[in-house]
Amino acid sequence: MEDFTIIIPTLNERATITKLIGELRSLYPSARIIVSDDGSNDGTRETVRRIGRRDGKVLLLDRERREVHGLTASVLDALRLAKTEFVVVMDGDMQHPPEVVGSLAGQLAGGADVAVAYRAGVDGGWPLERRAMSKGAEILGASLLAIRGAPSCRDVLSGFFAARTTLFKEAVGKHPQRFELKGYKVLLDLLKTLPRRTVIAEVPYVFGLRRAGDSKIGPRHVAAFLRSLVR
Ligand SMILES: Nc1nc2c(ncn2[C@@H]2O[C@H](COP(=O)(O)OP(=O)(O)O)[C@@H](O)[C@H]2O)c(=O)[nH]1
Ligand SMILES: [Mg+2]
């Protein structure tokens, strides 16, 4: 059941990363954790490296000097290192509850190919502008999958999901051009490459408020998302 690797892309998440890794470790003692960092300058890397010295299952993937920076690029780089049967992708800012990781892995153990955590609510509410943007992008993403005959689910833009490692690696290997490396929406890119018969499970969760650090989302991510739609 705990044969999974948790991939956490980070950019300046020092305020939450220790707590997140601690909670994951106590819930899933044998899980592997890869923090894929794009050159944080707030001590995130040093913190994770320090934890990794005590805990051999925690690895820092330091991408500071890579040519392409981006959330999707970071997830795909970490995926290459994964040797477990399943991988789970989640944010490093504690907006994705660690308890849900077990439910996602459980769905895969039960036979699903991909398990997606979808927002069943937003803790504390979101500004209207952010909600509207998110809804619009969701409709675009879901329509794209429908047009292409790809599998879909409730939140095709979720950043919190799990997949069979071989399925995910094969998708990237066969369709590298489908992945928008600077983008935020690696799940959408993955779904685009999969046949409609793929079994997708859905698990609800409440999206937490970001309590520390800053959201990195901005205009260049909107541009990356639009590129992702035409890839
Ligand atoms: N490696 C990497 N991680 C990123 C990048 N941009 C954001 N992240 C991480 O991806 C996760 C989601 O980002 P966040 O800004 O919280 O997005 P939001 O929750 O949609 O506002 C967090 O763990 C960020 O630290 C990036 O360019 N590279
Ligand atoms: Mg966030």
# chains A, B, ... in the order shown; residues from 1 in each chain; ligands from 1
$ residues_around --residues "region 181-192 of chain A" --least-positions-apart "2" --cutoff "8 Å" --atoms "only C-alpha atoms" --output "PyMOL selection string"
chain A and resi 68-73+75+141+145+148+150-152+156-159+161+168+171-172+178-179+194+221+224-225+228
$ residues_around --residues "Ile6 (chain A)" --least-positions-apart "4" --cutoff "7 Å" --atoms "only C-alpha atoms" --output "ChimeraX atom specification"
/A:32-34,87-89
$ closest_residue --among "A:Pro195, A:Gly149, A:Gly92, A:Gly110" --to "Glu23 (chain A)" --atoms "only C-alpha atoms"
A:Gly92
$ residues_near_ligand --ligand "ligand 1" --cutoff "6 Å" --atoms "only C-alpha atoms and all ligand atoms" --output "PyMOL selection string"
chain A and resi 9-13+36-38+69-71+74+91-93+215-217
$ write_last_selection --atoms "C-alpha atoms" --output "compact mmCIF listing (two decimals), in the first residue's frame"
# COMPACT_ATOMS: atom_id res chain seq x y z
CA PRO A 9 7.38 20.75 -6.65
CA THR A 10 8.58 23.75 -4.66
CA LEU A 11 9.55 27.35 -5.11
CA ASN A 12 10.14 29.12 -1.79
CA GLU A 13 8.08 26.98 0.60
CA SER A 36 11.71 19.04 -6.81
CA ASP A 37 12.92 22.57 -6.28
CA ASP A 38 13.43 25.23 -8.92
CA HIS A 69 12.25 26.01 -14.92
CA GLY A 70 8.61 25.28 -14.29
CA LEU A 71 6.23 23.24 -12.23
CA SER A 74 9.98 19.79 -12.03
CA ASP A 91 1.88 21.11 -3.57
CA GLY A 92 4.39 22.08 -0.91
CA ASP A 93 2.30 24.80 0.72
CA SER A 215 1.12 31.90 -4.63
CA LYS A 216 3.38 31.95 -7.66
CA ILE A 217 0.58 31.93 -10.16
$ closest_residue --among "A:Pro97, A:Gly106, A:Gly22, A:Pro29" --to "ligand 2" --atoms "only C-alpha atoms and all ligand atoms"
A:Pro97
$ atom_distance --atom1 "CA of Thr18 (chain A)" --atom2 "CA of Arg211 (chain A)"
14.2 Å
$ closest_residue --among "A:Thr84, A:Gln95, A:Gln177, A:Thr166" --to "ligand 2" --atoms "only C-alpha atoms and all ligand atoms"
A:Gln95
$ closest_residue --among "A:Ile8, A:Leu128, A:Ala109, A:Leu104" --to "Ala162 (chain A)" --atoms "only C-alpha atoms"
A:Leu104
$ closest_residue --among "A:Lys57, A:Ala105, A:Ala31, A:Met90" --to "ligand 2" --atoms "only C-alpha atoms and all ligand atoms"
A:Met90
$ select_by_dssp --residues "region 88-211 of chain A" --states "strand (DSSP E)" --output "PyMOL selection string"
chain A and resi 88-89+114-122+161-164+200-207
$ atom_distance --atom1 "CA of Glu202 (chain A)" --atom2 "CA of Val122 (chain A)"
16.8 Å
$ atom_distance --atom1 "CA of Phe86 (chain A)" --atom2 "CA of Thr5 (chain A)"
6.5 Å
$ closest_residue --among "A:Met133, A:Ala212, A:Ala146, A:Val199" --to "Lys19 (chain A)" --atoms "only C-alpha atoms"
A:Ala212
$ select_by_dssp --residues "region 9-220 of chain A" --states "helix (DSSP H, G or I)" --output "VMD selection string"
chain A and resid 14 to 27 44 to 54 71 to 81 99 to 109 128 to 148 165 to 174 176 to 178 186 to 192 219 to 220
$ write_last_selection --atoms "C-alpha atoms" --output "PDB file, in the first residue's frame"
ATOM      1  CA  ARG A  14      10.356  27.007   3.627  1.00  0.00           C
ATOM      2  CA  ALA A  15       7.505  27.982   5.954  1.00  0.00           C
ATOM      3  CA  THR A  16       5.564  24.771   5.288  1.00  0.00           C
ATOM      4  CA  ILE A  17       7.904  22.123   3.906  1.00  0.00           C
ATOM      5  CA  THR A  18       9.165  20.769   7.244  1.00  0.00           C
ATOM      6  CA  LYS A  19       5.659  20.356   8.608  1.00  0.00           C
ATOM      7  CA  LEU A  20       4.432  18.785   5.368  1.00  0.00           C
ATOM      8  CA  ILE A  21       7.250  16.233   5.189  1.00  0.00           C
ATOM      9  CA  GLY A  22       6.806  15.476   8.908  1.00  0.00           C
ATOM     10  CA  GLU A  23       3.091  14.798   8.495  1.00  0.00           C
ATOM     11  CA  LEU A  24       3.608  12.688   5.373  1.00  0.00           C
ATOM     12  CA  ARG A  25       6.302  10.706   7.100  1.00  0.00           C
ATOM     13  CA  SER A  26       4.163   9.927  10.133  1.00  0.00           C
ATOM     14  CA  LEU A  27       1.150   8.961   8.006  1.00  0.00           C
ATOM     15  CA  THR A  44      13.718  25.500   1.274  1.00  0.00           C
ATOM     16  CA  ARG A  45      16.563  23.547  -0.311  1.00  0.00           C
ATOM     17  CA  GLU A  46      18.785  23.615   2.763  1.00  0.00           C
ATOM     18  CA  THR A  47      15.843  22.527   4.924  1.00  0.00           C
ATOM     19  CA  VAL A  48      14.989  19.550   2.719  1.00  0.00           C
ATOM     20  CA  ARG A  49      18.644  18.559   2.372  1.00  0.00           C
ATOM     21  CA  ARG A  50      18.944  18.553   6.147  1.00  0.00           C
ATOM     22  CA  ILE A  51      15.862  16.327   6.524  1.00  0.00           C
ATOM     23  CA  GLY A  52      17.253  14.040   3.799  1.00  0.00           C
ATOM     24  CA  ARG A  53      20.466  13.496   5.749  1.00  0.00           C
ATOM     25  CA  ARG A  54      18.470  11.898   8.573  1.00  0.00           C
ATOM     26  CA  LEU A  71       6.226  23.244 -12.227  1.00  0.00           C
ATOM     27  CA  THR A  72       5.583  20.639 -14.922  1.00  0.00           C
ATOM     28  CA  ALA A  73       9.294  20.336 -15.748  1.00  0.00           C
ATOM     29  CA  SER A  74       9.981  19.788 -12.035  1.00  0.00           C
ATOM     30  CA  VAL A  75       7.356  17.065 -11.726  1.00  0.00           C
ATOM     31  CA  LEU A  76       8.605  15.242 -14.829  1.00  0.00           C
ATOM     32  CA  ASP A  77      12.216  15.385 -13.610  1.00  0.00           C
ATOM     33  CA  ALA A  78      11.224  13.839 -10.293  1.00  0.00           C
ATOM     34  CA  LEU A  79       9.105  11.228 -12.084  1.00  0.00           C
ATOM     35  CA  ARG A  80      12.257   9.982 -13.820  1.00  0.00           C
ATOM     36  CA  LEU A  81      13.716   9.144 -10.409  1.00  0.00           C
ATOM     37  CA  GLU A  99      -4.461  12.516   4.667  1.00  0.00           C
ATOM     38  CA  VAL A 100      -5.812  12.474   1.104  1.00  0.00           C
ATOM     39  CA  VAL A 101      -2.560  10.988  -0.249  1.00  0.00           C
ATOM     40  CA  GLY A 102      -3.540   7.631   1.268  1.00  0.00           C
ATOM     41  CA  SER A 103      -6.970   7.735  -0.418  1.00  0.00           C
ATOM     42  CA  LEU A 104      -5.374   8.470  -3.792  1.00  0.00           C
ATOM     43  CA  ALA A 105      -2.916   5.590  -3.425  1.00  0.00           C
ATOM     44  CA  GLY A 106      -5.772   3.374  -2.227  1.00  0.00           C
ATOM     45  CA  GLN A 107      -7.676   4.059  -5.450  1.00  0.00           C
ATOM     46  CA  LEU A 108      -4.657   2.972  -7.500  1.00  0.00           C
ATOM     47  CA  ALA A 109      -4.197  -0.127  -5.370  1.00  0.00           C
ATOM     48  CA  LEU A 128     -14.039  36.171  -6.934  1.00  0.00           C
ATOM     49  CA  GLU A 129     -11.439  36.937  -9.600  1.00  0.00           C
ATOM     50  CA  ARG A 130      -9.448  33.813  -8.794  1.00  0.00           C
ATOM     51  CA  ARG A 131     -12.625  31.698  -8.759  1.00  0.00           C
ATOM     52  CA  ALA A 132     -13.726  33.006 -12.152  1.00  0.00           C
ATOM     53  CA  MET A 133     -10.295  32.392 -13.666  1.00  0.00           C
ATOM     54  CA  SER A 134     -10.190  28.901 -12.262  1.00  0.00           C
ATOM     55  CA  LYS A 135     -13.700  28.088 -13.527  1.00  0.00           C
ATOM     56  CA  GLY A 136     -12.947  29.418 -17.017  1.00  0.00           C
ATOM     57  CA  ALA A 137      -9.743  27.420 -17.259  1.00  0.00           C
ATOM     58  CA  GLU A 138     -11.544  24.319 -16.019  1.00  0.00           C
ATOM     59  CA  ILE A 139     -14.200  24.606 -18.728  1.00  0.00           C
ATOM     60  CA  LEU A 140     -11.527  25.088 -21.411  1.00  0.00           C
ATOM     61  CA  GLY A 141      -9.517  22.113 -20.136  1.00  0.00           C
ATOM     62  CA  ALA A 142     -12.517  19.785 -19.905  1.00  0.00           C
ATOM     63  CA  SER A 143     -13.733  20.807 -23.395  1.00  0.00           C
ATOM     64  CA  LEU A 144     -10.312  20.123 -24.839  1.00  0.00           C
ATOM     65  CA  LEU A 145     -10.295  16.598 -23.385  1.00  0.00           C
ATOM     66  CA  ALA A 146     -13.807  15.944 -24.685  1.00  0.00           C
ATOM     67  CA  ILE A 147     -12.862  17.097 -28.199  1.00  0.00           C
ATOM     68  CA  ARG A 148      -9.771  14.920 -28.205  1.00  0.00           C
ATOM     69  CA  THR A 165       4.368   5.218 -12.492  1.00  0.00           C
ATOM     70  CA  THR A 166       4.787   3.176 -15.679  1.00  0.00           C
ATOM     71  CA  LEU A 167       1.685   4.702 -17.263  1.00  0.00           C
ATOM     72  CA  PHE A 168       2.902   8.223 -16.461  1.00  0.00           C
ATOM     73  CA  LYS A 169       6.466   7.537 -17.659  1.00  0.00           C
ATOM     74  CA  GLU A 170       5.227   5.966 -20.888  1.00  0.00           C
ATOM     75  CA  ALA A 171       2.925   8.918 -21.552  1.00  0.00           C
ATOM     76  CA  VAL A 172       5.852  11.341 -21.210  1.00  0.00           C
ATOM     77  CA  GLY A 173       8.160   9.085 -23.232  1.00  0.00           C
ATOM     78  CA  LYS A 174       5.715   8.709 -26.118  1.00  0.00           C
ATOM     79  CA  PRO A 176       6.939  14.617 -24.797  1.00  0.00           C
ATOM     80  CA  GLN A 177       5.595  17.471 -26.933  1.00  0.00           C
ATOM     81  CA  ARG A 178       2.224  17.312 -25.149  1.00  0.00           C
ATOM     82  CA  VAL A 186       0.671  18.550 -15.613  1.00  0.00           C
ATOM     83  CA  LEU A 187      -2.460  16.470 -14.977  1.00  0.00           C
ATOM     84  CA  LEU A 188      -4.225  18.013 -17.984  1.00  0.00           C
ATOM     85  CA  ASP A 189      -1.164  17.288 -20.123  1.00  0.00           C
ATOM     86  CA  LEU A 190      -1.122  13.688 -18.912  1.00  0.00           C
ATOM     87  CA  LEU A 191      -4.858  13.162 -19.525  1.00  0.00           C
ATOM     88  CA  LYS A 192      -4.482  14.476 -23.101  1.00  0.00           C
ATOM     89  CA  PRO A 219       0.187  35.980 -16.191  1.00  0.00           C
ATOM     90  CA  ARG A 220       2.952  33.737 -17.512  1.00  0.00           C
TER      91      ARG A 220
END
